[in-house]
$ cat structure10.txt   # compact mmCIF, C-alpha atoms
# COMPACT_ATOMS: atom_id res chain seq x y z
CA MET A 1 0.00 0.00 0.00
CA LEU A 2 1.30 3.34 -0.86
CA CYS A 3 0.55 5.61 2.03
CA SER A 4 -0.79 9.11 1.62
CA LEU A 5 0.78 12.22 3.15
CA ARG A 6 3.76 11.95 0.80
CA VAL A 7 5.20 9.11 2.85
CA TRP A 8 6.26 6.32 0.58
CA VAL A 9 5.23 3.46 2.82
CA LEU A 10 4.04 0.06 1.68
CA SER A 11 2.63 -1.83 4.65
CA LEU A 12 1.85 -5.42 3.87
CA CYS A 13 2.75 -8.67 5.59
CA GLY A 14 5.93 -8.92 3.50
CA LEU A 15 6.62 -7.99 -0.07
CA VAL A 16 8.14 -9.68 -3.07
CA ALA A 17 10.84 -7.02 -3.26
CA LEU A 18 11.64 -7.62 0.38
CA LEU A 19 12.48 -11.22 -0.37
CA TYR A 20 14.93 -10.50 -3.16
CA TRP A 21 16.88 -7.45 -2.08
CA THR A 22 20.51 -8.27 -1.33
CA PHE A 23 23.40 -6.14 -0.28
CA VAL A 24 26.95 -6.05 -1.58
CA SER A 25 29.83 -6.98 0.69
CA SER A 26 30.55 -3.30 1.42
CA ALA A 27 27.30 -2.95 3.41
CA ALA A 28 27.85 -1.63 6.94
CA GLU A 29 25.89 -2.18 10.13
CA THR A 30 24.95 -0.24 13.23
CA SER A 31 23.12 -1.72 16.21
CA LEU A 32 21.33 -0.72 19.39
CA ASP A 33 19.76 -2.93 22.04
CA HIS A 34 16.70 -3.85 19.95
CA VAL A 35 17.43 -2.54 16.44
CA THR A 36 19.99 -3.42 13.79
CA VAL A 37 20.40 -1.26 10.70
CA THR A 38 22.28 -2.56 7.67
CA TYR A 39 23.06 0.17 5.17
CA ASP A 40 24.80 0.70 1.88
CA GLY A 41 25.28 3.90 -0.10
CA VAL A 42 24.14 6.32 2.63
CA ASP A 43 25.99 8.24 5.32
CA LYS A 44 26.47 6.51 8.66
CA LYS A 45 24.90 9.40 10.55
CA TYR A 46 21.55 8.74 8.86
CA ALA A 47 21.75 5.01 9.57
CA GLN A 48 22.38 5.79 13.23
CA ALA A 49 19.44 8.20 13.30
CA VAL A 50 17.19 5.54 11.78
CA ALA A 51 18.32 3.04 14.42
CA GLN A 52 17.74 5.51 17.24
CA THR A 53 14.30 6.48 15.92
CA VAL A 54 13.10 2.88 15.54
CA GLU A 55 14.55 1.90 18.93
CA ALA A 56 12.75 4.77 20.65
CA ALA A 57 9.45 4.16 18.84
CA ARG A 58 9.63 0.42 19.58
CA ASP A 59 10.25 0.94 23.29
CA ILE A 60 7.50 3.55 23.58
CA CYS A 61 5.05 1.35 21.70
CA ARG A 62 5.75 -1.46 24.16
CA ASP A 63 6.19 0.44 27.43
CA LYS A 64 3.68 3.27 27.09
CA PHE A 65 1.04 1.77 24.80
CA GLY A 66 1.35 -1.89 25.80
CA PHE A 67 1.88 -3.52 22.40
CA ASP A 68 3.86 -6.68 21.80
CA MET A 69 7.04 -5.72 20.01
CA PRO A 70 9.67 -8.00 18.45
CA PRO A 71 12.86 -8.57 20.45
CA ARG A 72 14.77 -7.03 17.56
CA ILE A 73 13.75 -5.00 14.52
CA GLU A 74 16.04 -5.28 11.52
CA VAL A 75 16.18 -2.34 9.12
CA SER A 76 17.91 -2.44 5.74
CA ILE A 77 18.71 0.79 3.92
CA ARG A 78 19.57 0.50 0.26
CA LYS A 79 20.51 3.05 -2.34
CA ASP A 80 18.41 2.77 -5.48
CA VAL A 81 18.82 5.66 -7.89
CA LYS A 82 15.92 4.50 -10.10
CA ARG A 83 13.16 4.59 -7.49
CA ARG A 84 11.55 7.21 -5.34
CA PRO A 85 12.06 6.69 -1.60
CA ARG A 86 10.09 3.76 -0.24
CA LEU A 87 9.70 2.18 3.16
CA PHE A 88 8.33 -1.35 3.68
CA ASN A 89 7.58 -3.58 6.65
CA ASP A 90 7.05 -7.33 6.66
CA GLY A 91 4.45 -7.26 9.43
CA VAL A 92 6.79 -9.06 11.84
CA ASP A 93 10.18 -7.49 12.52
CA GLN A 94 11.84 -6.15 9.37
CA PHE A 95 11.83 -2.81 7.54
CA GLN A 96 13.30 -2.01 4.14
CA LEU A 97 14.11 1.56 3.14
CA SER A 98 15.31 2.61 -0.31
CA VAL A 99 16.60 6.09 -1.16
CA ARG A 100 18.26 7.58 -4.21
CA SER A 101 20.92 9.37 -2.17
CA ASP A 102 21.47 11.14 1.14
CA ARG A 103 19.49 14.04 -0.32
CA ASP A 104 16.34 11.96 0.17
CA LEU A 105 17.14 11.69 3.89
CA ARG A 106 17.17 15.40 4.58
CA ARG A 107 14.41 17.15 6.50
CA PRO A 108 10.94 17.01 4.86
CA SER A 109 11.05 20.66 3.80
CA ARG A 110 14.07 19.81 1.63
CA SER A 111 13.43 16.21 0.58
CA GLY A 112 9.64 16.10 0.56
CA VAL A 113 9.83 12.78 2.47
CA PHE A 114 8.72 12.26 6.08
CA HIS A 115 11.23 9.59 7.07
CA LEU A 116 11.09 10.05 10.83
CA TYR A 117 7.31 9.91 10.83
CA GLY A 118 7.44 7.00 8.39
CA LEU A 119 9.58 4.93 10.75
CA CYS A 120 7.15 5.59 13.60
CA HIS A 121 4.31 4.70 11.24
CA GLU A 122 5.91 1.31 10.51
CA VAL A 123 6.42 0.55 14.21
CA ALA A 124 2.73 1.33 14.72
CA HIS A 125 1.87 -1.20 12.01
CA LEU A 126 3.74 -3.89 13.93
CA GLY A 127 1.61 -3.12 16.97
CA MET A 128 -1.45 -4.14 14.93
CA TYR A 129 -0.12 -6.80 12.57
CA ARG A 130 1.68 -8.94 15.14
CA PRO A 131 -1.47 -9.75 17.20
CA ILE A 132 -3.66 -9.85 14.03
CA PRO A 133 -1.54 -11.77 11.49
CA ARG A 134 -4.61 -12.63 9.42
CA HIS A 135 -6.25 -9.31 8.63
CA ASN A 136 -7.71 -9.85 5.17
CA TRP A 137 -10.98 -8.47 6.47
CA MET A 138 -9.30 -5.12 7.19
CA SER A 139 -9.47 -2.28 4.67
CA THR A 140 -6.60 -0.01 3.74
CA ALA A 141 -8.34 2.82 5.61
CA ALA A 142 -8.37 0.73 8.79
CA ALA A 143 -4.75 -0.46 8.60
CA GLU A 144 -3.23 2.79 7.37
CA GLY A 145 -5.52 4.88 9.55
CA TRP A 146 -4.26 3.04 12.62
CA ALA A 147 -0.60 3.50 11.63
CA HIS A 148 -1.22 7.16 10.91
CA TYR A 149 -2.90 7.74 14.27
CA LEU A 150 -0.42 5.85 16.45
CA GLY A 151 2.53 6.83 14.26
CA SER A 152 1.69 10.49 14.82
CA ARG A 153 1.49 9.86 18.56
CA LEU A 154 4.84 8.10 18.48
CA VAL A 155 6.50 11.07 16.76
CA ASP A 156 5.54 13.26 19.71
CA GLU A 157 6.71 10.66 22.22
CA VAL A 158 10.02 10.13 20.42
CA TYR A 159 10.64 13.87 20.54
CA GLU A 160 10.01 13.86 24.29
CA ARG A 161 12.49 11.03 24.72
CA GLU A 162 15.19 11.89 22.18
CA GLY A 163 14.91 15.66 21.81
CA GLY A 164 15.32 17.88 18.77
CA ASP A 165 18.79 16.70 17.71
CA LEU A 166 17.73 13.21 16.68
CA TRP A 167 17.78 13.76 12.92
CA PRO A 168 21.12 14.79 11.32
CA ASP A 169 19.45 17.48 9.22
CA ARG A 170 17.97 19.02 12.34
CA TYR A 171 14.36 20.24 12.35
CA ASP A 172 11.43 20.37 14.75
CA TYR A 173 9.87 17.05 13.81
CA ARG A 174 7.03 17.56 16.26
CA ALA A 175 5.35 19.24 13.30
CA ASP A 176 5.06 15.76 11.72
CA GLY A 177 3.21 14.27 14.71
CA THR A 178 -0.23 14.93 16.14
CA ALA A 179 0.04 18.61 15.20
CA ARG A 180 -0.06 17.63 11.54
CA LEU A 181 -2.78 15.03 12.16
CA GLU A 182 -4.99 17.63 13.86
CA LYS A 183 -4.46 20.00 10.97
CA GLN A 184 -5.44 17.32 8.47
CA LEU A 185 -8.58 16.38 10.39
CA ALA A 186 -9.66 20.02 10.50
CA ASP A 187 -9.57 20.17 6.69
CA GLU A 188 -12.82 19.63 4.79
CA ARG A 189 -11.06 17.19 2.43
CA VAL A 190 -10.24 14.21 4.61
CA SER A 191 -8.75 11.11 2.97
CA PRO A 192 -9.86 7.57 3.93
CA THR A 193 -6.58 7.12 5.85
CA GLN A 194 -7.23 10.30 7.81
CA GLN A 195 -10.83 9.24 8.45
CA GLY A 196 -9.47 5.96 9.78
CA ALA A 197 -7.03 7.80 12.05
CA ARG A 198 -9.89 9.86 13.45
CA LEU A 199 -11.96 6.76 14.16
CA TRP A 200 -9.05 5.00 15.91
CA ARG A 201 -8.48 8.08 18.03
CA GLU A 202 -12.15 8.08 19.00
CA LEU A 203 -12.12 4.39 19.91
CA SER A 204 -9.01 4.85 22.04
CA GLU A 205 -10.79 7.59 23.96
CA ILE A 206 -13.91 5.42 24.42
CA VAL A 207 -12.35 2.15 25.56
CA GLY A 208 -9.09 3.55 26.87
CA GLU A 209 -5.87 3.36 24.89
CA GLU A 210 -4.52 0.82 27.37
CA ASN A 211 -7.21 -1.62 26.15
CA ILE A 212 -6.45 -1.39 22.42
CA PRO A 213 -3.70 -4.08 22.56
CA GLN A 214 -6.20 -6.39 24.28
CA LEU A 215 -8.74 -5.66 21.54
CA PHE A 216 -6.25 -6.50 18.79
CA GLU A 217 -5.38 -9.77 20.53
CA ALA A 218 -9.08 -10.63 20.75
CA TRP A 219 -9.54 -9.91 17.05
CA GLY A 220 -6.49 -11.99 16.22
CA LYS A 221 -7.92 -15.01 18.10
CA ALA A 222 -11.50 -14.64 16.84
CA GLU A 223 -13.00 -17.06 14.32
CA ILE A 224 -13.89 -14.57 11.61
CA ASP A 225 -16.24 -15.44 8.78
CA PRO A 226 -14.79 -13.61 5.76
CA THR A 227 -18.29 -13.19 4.31
CA ASP A 228 -19.52 -11.59 7.56
CA PRO A 229 -16.54 -10.40 9.61
CA ALA A 230 -18.62 -7.85 11.53
CA ARG A 231 -20.29 -10.43 13.78
CA ALA A 232 -17.12 -11.77 15.43
CA LEU A 233 -15.28 -8.44 15.43
CA LEU A 234 -18.12 -6.58 17.14
CA ALA A 235 -18.55 -9.36 19.71
CA ALA A 236 -14.85 -9.14 20.58
CA LEU A 237 -15.06 -5.36 20.84
CA LYS A 238 -18.03 -5.58 23.20
CA SER A 239 -16.10 -8.03 25.37
CA ILE A 240 -13.43 -5.37 25.85
CA SER A 241 -15.80 -2.53 26.70
CA ASP A 242 -19.47 -2.21 27.59
CA ASP A 243 -19.46 1.55 27.01
CA LYS A 244 -22.66 2.51 25.18
CA ARG A 245 -20.66 4.68 22.79
CA VAL A 246 -18.98 1.59 21.31
CA LEU A 247 -22.00 0.67 19.18
CA ASP A 248 -22.28 4.19 17.74
CA TRP A 249 -18.56 4.09 16.91
CA TRP A 250 -18.94 0.71 15.25
CA ASN A 251 -21.86 1.86 13.12
CA ARG A 252 -19.67 4.62 11.73
CA ALA A 253 -16.51 2.55 11.37
CA GLU A 254 -17.88 -0.69 9.94
CA SER A 255 -18.37 0.41 6.33
CA LEU A 256 -14.94 2.06 6.19
CA PHE A 257 -12.94 -0.61 8.01
CA LEU A 258 -14.30 -3.95 6.81
CA ILE A 259 -13.87 -5.95 3.62
CA ARG A 260 -16.51 -8.62 3.09
CA GLN A 261 -15.64 -11.62 1.00
CA GLU A 262 -18.48 -12.38 -1.37
CA LYS A 263 -19.81 -15.91 -0.96
CA SER A 264 -20.07 -18.16 -3.98
CA GLY A 265 -23.50 -19.10 -5.27
CA PHE A 266 -22.14 -22.62 -5.72
CA ALA A 267 -22.94 -24.32 -2.42
CA ALA A 268 -20.15 -26.24 -0.71
CA GLN A 269 -20.92 -29.97 -0.78
CA THR A 270 -18.55 -32.47 0.79
CA ALA A 271 -18.20 -36.23 0.55
CA LYS A 272 -16.53 -38.94 2.61
CA LYS A 273 -13.29 -40.27 1.25
CA ALA A 274 -14.67 -43.80 1.53
CA ASP A 275 -17.49 -42.91 -0.87
CA LEU A 276 -15.07 -41.91 -3.66
CA THR A 277 -13.62 -44.23 -6.26
CA GLY A 278 -10.03 -43.71 -5.05
CA SER A 279 -8.93 -43.29 -8.67
CA SER A 280 -8.49 -39.54 -8.88
CA ILE A 281 -7.35 -37.64 -11.94
CA GLU A 282 -4.92 -34.73 -11.92
CA LEU A 283 -5.66 -31.42 -13.63
CA GLU A 284 -2.64 -29.39 -14.66
CA HIS A 285 -1.48 -26.52 -16.88
CA ASP A 286 2.25 -26.53 -16.16
CA ASP A 287 4.74 -28.69 -18.09
CA GLY A 288 6.52 -29.94 -14.99
CA LYS A 289 9.69 -27.95 -15.66
CA SER A 290 10.51 -25.05 -13.35
CA ALA A 291 11.55 -21.76 -14.95
CA GLY A 292 11.58 -19.77 -11.72
CA LYS A 293 9.99 -19.31 -8.31
CA LYS A 294 8.17 -16.59 -6.41
CA SER A 295 6.75 -15.78 -3.02
CA VAL A 296 3.79 -13.45 -3.41
CA ALA A 297 3.54 -11.21 -0.37
CA GLY A 298 0.20 -9.55 0.21
CA GLY A 299 -1.35 -12.04 -2.19
CA GLY A 300 -1.42 -15.66 -3.26
CA HIS A 301 -0.99 -18.12 -6.11
CA ALA A 302 -4.14 -19.05 -8.04
CA VAL A 303 -4.86 -21.42 -10.93
CA ARG A 304 -8.10 -21.87 -12.87
CA PHE A 305 -9.22 -25.38 -13.84
CA GLU A 306 -12.12 -26.99 -15.70
CA LYS A 307 -13.52 -30.36 -14.70
CA PRO A 308 -14.72 -33.11 -17.04
CA ALA A 309 -18.43 -33.78 -17.41
CA GLY A 310 -20.20 -35.12 -14.35
CA ASP A 311 -19.91 -34.50 -10.63
CA TRP A 312 -16.36 -34.26 -9.33
CA TYR A 313 -14.83 -33.55 -5.92
CA LEU A 314 -11.57 -31.80 -5.16
CA THR A 315 -9.50 -34.18 -3.01
CA ALA A 316 -5.99 -32.71 -3.05
CA ILE A 317 -3.80 -29.88 -4.31
CA SER A 318 -0.19 -30.46 -5.31
CA ILE A 319 2.30 -27.59 -5.24
CA TYR A 320 5.90 -27.67 -6.46
CA GLY A 321 7.95 -25.54 -4.10
CA SER A 322 9.92 -25.24 -0.88
CA ARG A 323 9.78 -23.28 2.32
CA TYR A 324 12.27 -20.51 3.11
CA GLY A 325 13.15 -18.76 6.35
CA ARG A 326 14.07 -20.14 9.72
CA PRO A 327 14.97 -23.84 10.03
CA ARG A 328 11.90 -24.66 12.10
CA ALA A 329 8.57 -24.33 10.31
CA PRO A 330 6.27 -21.61 11.69
CA ARG A 331 3.68 -22.90 14.12
CA GLU A 332 0.84 -21.68 11.98
CA ASP A 333 -1.32 -22.69 9.07
CA PHE A 334 -1.40 -21.37 5.56
CA HIS A 335 -4.63 -21.42 3.60
CA VAL A 336 -5.97 -22.92 0.40
CA TRP A 337 -9.25 -21.81 -1.10
CA LEU A 338 -11.56 -23.50 -3.54
CA CYS A 339 -13.29 -20.74 -5.51
CA ASP A 340 -15.76 -20.55 -8.34
CA ALA A 341 -14.91 -19.01 -11.71
CA ASP A 342 -15.48 -15.51 -10.30
CA PHE A 343 -13.00 -16.10 -7.44
CA LYS A 344 -15.77 -16.32 -4.88
CA VAL A 345 -14.98 -18.74 -2.08
CA ILE A 346 -16.68 -22.13 -1.97
CA ALA A 347 -14.48 -23.65 0.75
CA GLU A 348 -11.36 -22.77 2.73
CA PHE A 349 -8.78 -25.24 4.04
CA SER A 350 -6.14 -24.65 6.73
CA ILE A 351 -2.88 -26.57 6.26
CA PRO A 352 0.19 -26.67 8.54
CA TYR A 353 3.24 -24.76 7.29
CA ALA A 354 5.33 -27.81 8.21
CA LYS A 355 4.03 -29.58 5.09
CA PHE A 356 6.75 -27.71 3.21
CA HIS A 357 10.45 -28.22 3.94
CA ARG A 358 13.41 -25.98 3.28
CA GLY A 359 15.93 -26.85 0.60
CA ALA A 360 15.34 -28.35 -2.82
CA PRO A 361 11.81 -27.91 -4.22
CA LYS A 362 9.54 -30.90 -4.56
CA TRP A 363 5.91 -31.73 -5.19
CA VAL A 364 3.92 -31.47 -1.98
CA GLN A 365 0.48 -33.05 -1.89
CA LEU A 366 -2.07 -31.30 0.29
CA ASN A 367 -5.11 -33.46 1.02
CA VAL A 368 -8.37 -31.63 1.66
CA THR A 369 -11.90 -32.54 2.63
CA PRO A 370 -13.44 -33.85 -0.63
CA THR A 371 -15.49 -30.90 -1.89
CA LYS A 372 -17.65 -30.74 -5.00
CA VAL A 373 -16.38 -28.39 -7.73
CA PRO A 374 -18.29 -26.43 -10.37
CA ARG A 375 -17.48 -26.75 -14.08
CA GLU A 376 -14.84 -24.01 -13.79
CA PHE A 377 -13.09 -23.50 -10.49
CA VAL A 378 -10.03 -21.82 -9.04
CA VAL A 379 -7.56 -23.13 -6.49
CA CYS A 380 -5.75 -20.40 -4.56
CA ALA A 381 -2.94 -20.80 -1.99
CA GLY A 382 -1.98 -18.00 0.41
CA PHE A 383 1.09 -18.29 2.65
CA ASN A 384 1.02 -14.87 4.37
CA PRO A 385 4.79 -14.60 3.79
CA SER A 386 7.32 -12.31 5.39
CA ALA A 387 11.06 -11.90 5.07
CA ARG A 388 11.56 -14.78 7.51
CA LYS A 389 8.94 -17.29 6.45
CA GLY A 390 7.10 -18.24 3.32
CA VAL A 391 6.97 -20.68 0.42
CA PHE A 392 8.56 -20.27 -2.98
CA VAL A 393 6.07 -21.61 -5.54
CA HIS A 394 7.64 -22.52 -8.88
CA TYR A 395 6.30 -21.74 -12.35
CA ASP A 396 7.07 -22.99 -15.85
CA ALA A 397 8.22 -21.01 -18.89
CA GLU A 398 4.95 -20.49 -20.77
CA SER A 399 1.69 -18.96 -19.65
CA SER A 400 -1.62 -20.56 -20.57
CA GLY A 401 -3.51 -17.61 -19.13
CA LYS A 402 -4.83 -19.79 -16.31
CA SER A 403 -2.53 -18.60 -13.52
CA PHE A 404 -3.10 -15.57 -11.29
CA SER A 405 -1.59 -13.68 -8.36
CA GLY A 406 -3.91 -12.57 -5.61
CA LEU A 407 -6.34 -13.66 -2.93
CA PRO A 408 -10.07 -14.42 -3.13
CA GLU A 409 -11.22 -11.26 -1.36
CA ARG A 410 -9.42 -9.15 -3.98
CA ARG A 411 -9.77 -10.19 -7.60
CA PRO A 412 -6.42 -11.67 -8.66
CA ARG A 413 -4.27 -10.39 -11.51
CA GLN A 414 -3.17 -12.66 -14.33
CA PHE A 415 0.31 -14.08 -13.86
CA GLN A 416 1.87 -13.79 -17.31
CA THR A 417 5.40 -15.08 -16.65
CA GLY A 418 4.34 -18.74 -16.77
CA ASP A 419 1.97 -21.20 -15.13
CA TRP A 420 2.16 -21.84 -11.42
CA MET A 421 3.15 -25.43 -10.73
CA ILE A 422 -0.06 -26.08 -8.86
CA ARG A 423 -2.27 -29.02 -9.72
CA ALA A 424 -5.70 -30.19 -8.62
CA GLU A 425 -6.75 -33.78 -7.97
CA ILE A 426 -10.42 -34.61 -8.39
CA ASP A 427 -12.42 -37.80 -7.93
CA GLN A 428 -15.99 -39.04 -8.34
CA LEU A 429 -18.39 -40.89 -6.12
CA LYS A 430 -18.38 -44.66 -6.53
CA SER A 431 -21.98 -44.45 -7.64
CA ALA A 432 -20.91 -42.38 -10.65
CA ASP A 433 -18.29 -44.89 -11.81
CA ALA A 434 -19.71 -46.49 -14.95
CA LEU A 435 -17.10 -49.27 -14.78
CA GLY A 436 -17.70 -50.07 -11.15
CA THR A 437 -19.30 -53.34 -10.12
CA ASP A 438 -20.83 -52.02 -6.89
CA LYS A 439 -24.04 -50.19 -7.86
CA LYS A 440 -25.89 -50.41 -4.57

$ encode --input "structure10.txt" --output "structure tokens"
Amino acid sequence: MLCSLRVWVLSLCGLVALLYWTFVSSAAETSLDHVTVTYDGVDKKYAQAVAQTVEAARDICRDKFGFDMPPRIEVSIRKDVKRRPRLFNDGVDQFQLSVRSDRDLRRPSRSGVFHLYGLCHEVAHLGMYRPIPRHNWMSTAAAEGWAHYLGSRLVDEVYEREGGDLWPDRYDYRADGTARLEKQLADERVSPTQQGARLWRELSEIVGEENIPQLFEAWGKAEIDPTDPARALLAALKSISDDKRVLDWWNRAESLFLIRQEKSGFAAQTAKKADLTGSSIELEHDDGKSAGKKSVAGGGHAVRFEKPAGDWYLTAISIYGSRYGRPRAPREDFHVWLCDADFKVIAEFSIPYAKFHRGAPKWVQLNVTPTKVPREFVVCAGFNPSARKGVFVHYDAESSGKSFSGLPERRPRQFQTGDWMIRAEIDQLKSADALGTDKK
């Protein structure tokens, strides 16, 4: 997501660029107790200022506001003369900053970039994303509005802690905090992000800002129906506060903050494995030869299939790939969706990350509850990757037009580089087997 307010911030749970950026051997490093900054092509004084800013914002976010913060945040600063300044977070514990030169790191009045605010903004994102790792129900206005609200607060708090000499190109950065937010909210033209910031500020005043971390934890643990997320989210909110103003706040926030996944008109019908023939067929578009691999952050890997005539049930998905990141698999599930031709969800399956191993890629078969498929259907896999965990899915050299990048709640984009090496296994009921001898 490209943030407003001239801050080039893309806040998603990891990004493809994040996974591929590497640094030459000349890269230097500076560290504090909870922050490490690796930098190349920029002056050391700016790297140290970045480390100090993130360290202060992290500690304040934990100690004053009560959010769970990572033991260490790793920041990489890279010089890229071809791109405008950008700042990314992986939703867990890593930031990536690219600048064209030190000129981009000067005070906002000279560079046009709010780096100090941006770093506080990213720390604020971690406060939300860590307790709510699955937030597909959350709109951009909700996520960015939160980071804008708390990020502005953090700017003020960092100034109180670090003083006015924090940034090498000295300026009164308090102007980038709540003072700027208040000015924006007083304007008649309020962006969705600013509307979100206003709503988060109101909720903090209603339930008490000390209870917001508890609310995020409750939302992260809730069983949320993607077609009707409001039910579980509102119930969790009411469990945090019985203030009568909560319902009024929710009525104003719901339409701006929530994304509802449209349910497929094709009803989910399941079968018992014992009732199937056991002689499944495999549907595929790839040629079995890898031409590359990708991890799609903020999205997923989707392939469209067409079944033969008759009633068929999806029984398994096979993916050619391998896990990357830490040696031990994350103690979490990734998700596979069976969708209709319009990418509306028919069924969702949770599968342990440990199904994939690090190292050489291989075909991994993922068995699912046998579920009836329409004539055309889509299989989509989402791994919620970050810089430290994810799955590289391979693709072949030619595109059939059947592969896509994206997730069900947001219409995927066609993947034109090749076909994902994802295959679907389907089977029929024994009663539909014309060659079978058991016709009871």

$ closest_residue --input "structure10.txt" --among "A:Ala232, A:Asp172, A:Trp250, A:Glu223" --to "A:Leu199" --atoms "all atoms listed in the file"
A:Trp250

$ residues_around --input "structure10.txt" --residues "A:Val391" --least-positions-apart "2" --cutoff "7 Å" --atoms "all atoms listed in the file" --output "tab-separated table (two decimals) with C-alpha atoms, in the coordinates of the input"
chain	number	residue	atom	x	y	z
A	295	SER	CA	6.75	-15.78	-3.02
A	321	GLY	CA	7.95	-25.54	-4.10
A	322	SER	CA	9.92	-25.24	-0.88
A	323	ARG	CA	9.78	-23.28	2.32
A	324	TYR	CA	12.27	-20.51	3.11
A	383	PHE	CA	1.09	-18.29	2.65
A	393	VAL	CA	6.07	-21.61	-5.54

$ atom_distance --input "structure10.txt" --atom1 "atom CA of A:Pro370" --atom2 "atom CA of A:Thr315"
4.6 Å

$ closest_residue --input "structure10.txt" --among "A:Gln48, A:Ser204, A:Ser109, A:Ser403" --to "A:Phe305" --atoms "only C-alpha atoms"
A:Ser403

$ closest_residue --input "structure10.txt" --among "A:Phe95, A:Trp146, A:Phe216, A:Tyr171" --to "A:Asp68" --atoms "only C-alpha atoms"
A:Phe216

$ residues_near_point --input "structure10.txt" --point "(12.0, -2.8, 2.9)" --cutoff "7 Å" --atoms "only C-alpha atoms" --output "list in words"
Leu18, Ser76, Leu87, Phe88, Asn89, Phe95, Gln96 and Leu97 of chain A

$ residues_around --input "structure10.txt" --residues "A:Phe65" --least-positions-apart "6" --cutoff "12 Å" --atoms "only C-alpha atoms" --output "mmCIF file with C-alpha atoms, in the coordinates of the input"
data_model
loop_
_atom_site.group_PDB
_atom_site.id
_atom_site.type_symbol
_atom_site.label_atom_id
_atom_site.label_comp_id
_atom_site.auth_asym_id
_atom_site.auth_seq_id
_atom_site.Cartn_x
_atom_site.Cartn_y
_atom_site.Cartn_z
ATOM 1 C CA ALA A 57 9.450 4.160 18.840
ATOM 2 C CA ARG A 58 9.630 0.420 19.580
ATOM 3 C CA ASP A 59 10.250 0.940 23.290
ATOM 4 C CA VAL A 123 6.420 0.550 14.210
ATOM 5 C CA ALA A 124 2.730 1.330 14.720
ATOM 6 C CA GLY A 127 1.610 -3.120 16.970
ATOM 7 C CA MET A 128 -1.450 -4.140 14.930
ATOM 8 C CA LEU A 150 -0.420 5.850 16.450
ATOM 9 C CA GLY A 151 2.530 6.830 14.260
ATOM 10 C CA ARG A 153 1.490 9.860 18.560
ATOM 11 C CA LEU A 154 4.840 8.100 18.480
ATOM 12 C CA GLU A 157 6.710 10.660 22.220
ATOM 13 C CA SER A 204 -9.010 4.850 22.040
ATOM 14 C CA GLY A 208 -9.090 3.550 26.870
ATOM 15 C CA GLU A 209 -5.870 3.360 24.890
ATOM 16 C CA GLU A 210 -4.520 0.820 27.370
ATOM 17 C CA ASN A 211 -7.210 -1.620 26.150
ATOM 18 C CA ILE A 212 -6.450 -1.390 22.420
ATOM 19 C CA PRO A 213 -3.700 -4.080 22.560
ATOM 20 C CA GLN A 214 -6.200 -6.390 24.280
#

$ closest_residue --input "structure10.txt" --among "A:Arg161, A:Glu202, A:Glu254, A:Arg106" --to "A:Lys64" --atoms "all atoms listed in the file"
A:Arg161

$ residues_around --input "structure10.txt" --residues "A:Arg326" --least-positions-apart "2" --cutoff "7 Å" --atoms "only C-alpha atoms" --output "list of chain:residue names"
A:Tyr324, A:Arg328, A:Ala329, A:Arg388, A:Lys389

$ closest_atom_pairs --input "structure10.txt" --of "stretch 284-399 of chain A" --to "stretch 261-278 of chain A" --cutoff "6 Å" --atoms "only C-alpha atoms" --output "CSV"
residue,atom,partner,partner_atom,distance
A:Lys344,CA,A:Ser264,CA,4.8
A:Val345,CA,A:Ser264,CA,5.5
A:Ile346,CA,A:Ala268,CA,5.5
A:Pro370,CA,A:Ala271,CA,5.5
A:Thr371,CA,A:Thr270,CA,4.4
A:Lys372,CA,A:Gln269,CA,5.4

$ atom_distance --input "structure10.txt" --atom1 "atom CA of A:Ile426" --atom2 "atom CA of A:Glu348"
16.3 Å

$ closest_residue --input "structure10.txt" --among "A:Leu116, A:Val42, A:Ala56, A:Ile319" --to "A:Ser98" --atoms "all atoms listed in the file"
A:Val42

$ atom_distance --input "structure10.txt" --atom1 "atom CA of A:Gly298" --atom2 "atom CA of A:Ala347"
20.4 Å

$ closest_residue --input "structure10.txt" --among "A:Cys380, A:Ala47, A:Ala236, A:Ala424" --to "A:Gln365" --atoms "all atoms listed in the file"
A:Ala424

$ residues_around --input "structure10.txt" --residues "A:Phe349" --least-positions-apart "4" --cutoff "7 Å" --atoms "only C-alpha atoms" --output "JSON, numbers by chain"
{"A": [335, 336, 337, 368]}

$ write_last_selection --input "structure10.txt" --atoms "C-alpha atoms" --output "CSV table (one decimal), keeping the file's coordinate frame"
chain,number,residue,atom,x,y,z
A,335,HIS,CA,-4.6,-21.4,3.6
A,336,VAL,CA,-6.0,-22.9,0.4
A,337,TRP,CA,-9.2,-21.8,-1.1
A,368,VAL,CA,-8.4,-31.6,1.7

$ residues_near_point --input "structure10.txt" --point "(-12.2, -4.1, 2.2)" --cutoff "6 Å" --atoms "only C-alpha atoms" --output "CSV table (one decimal) with C-alpha atoms, in the frame of the given file"
chain,number,residue,atom,x,y,z
A,138,MET,CA,-9.3,-5.1,7.2
A,139,SER,CA,-9.5,-2.3,4.7
A,258,LEU,CA,-14.3,-4.0,6.8
A,259,ILE,CA,-13.9,-6.0,3.6

$ residues_around --input "structure10.txt" --residues "A:Phe404" --least-positions-apart "3" --cutoff "9 Å" --atoms "all atoms listed in the file" --output "short mmCIF file (atom, residue, chain, number, x, y, z; two decimals) with C-alpha atoms, in the coordinates of the input"
data_model
loop_
_atom_site.label_atom_id
_atom_site.label_comp_id
_atom_site.auth_asym_id
_atom_site.auth_seq_id
_atom_site.Cartn_x
_atom_site.Cartn_y
_atom_site.Cartn_z
CA GLY A 300 -1.42 -15.66 -3.26
CA HIS A 301 -0.99 -18.12 -6.11
CA ALA A 302 -4.14 -19.05 -8.04
CA VAL A 303 -4.86 -21.42 -10.93
CA ARG A 304 -8.10 -21.87 -12.87
CA CYS A 380 -5.75 -20.40 -4.56
CA GLY A 401 -3.51 -17.61 -19.13
CA PRO A 412 -6.42 -11.67 -8.66
CA ARG A 413 -4.27 -10.39 -11.51
CA GLN A 414 -3.17 -12.66 -14.33
CA PHE A 415 0.31 -14.08 -13.86
CA GLN A 416 1.87 -13.79 -17.31
CA ASP A 419 1.97 -21.20 -15.13
CA TRP A 420 2.16 -21.84 -11.42
#
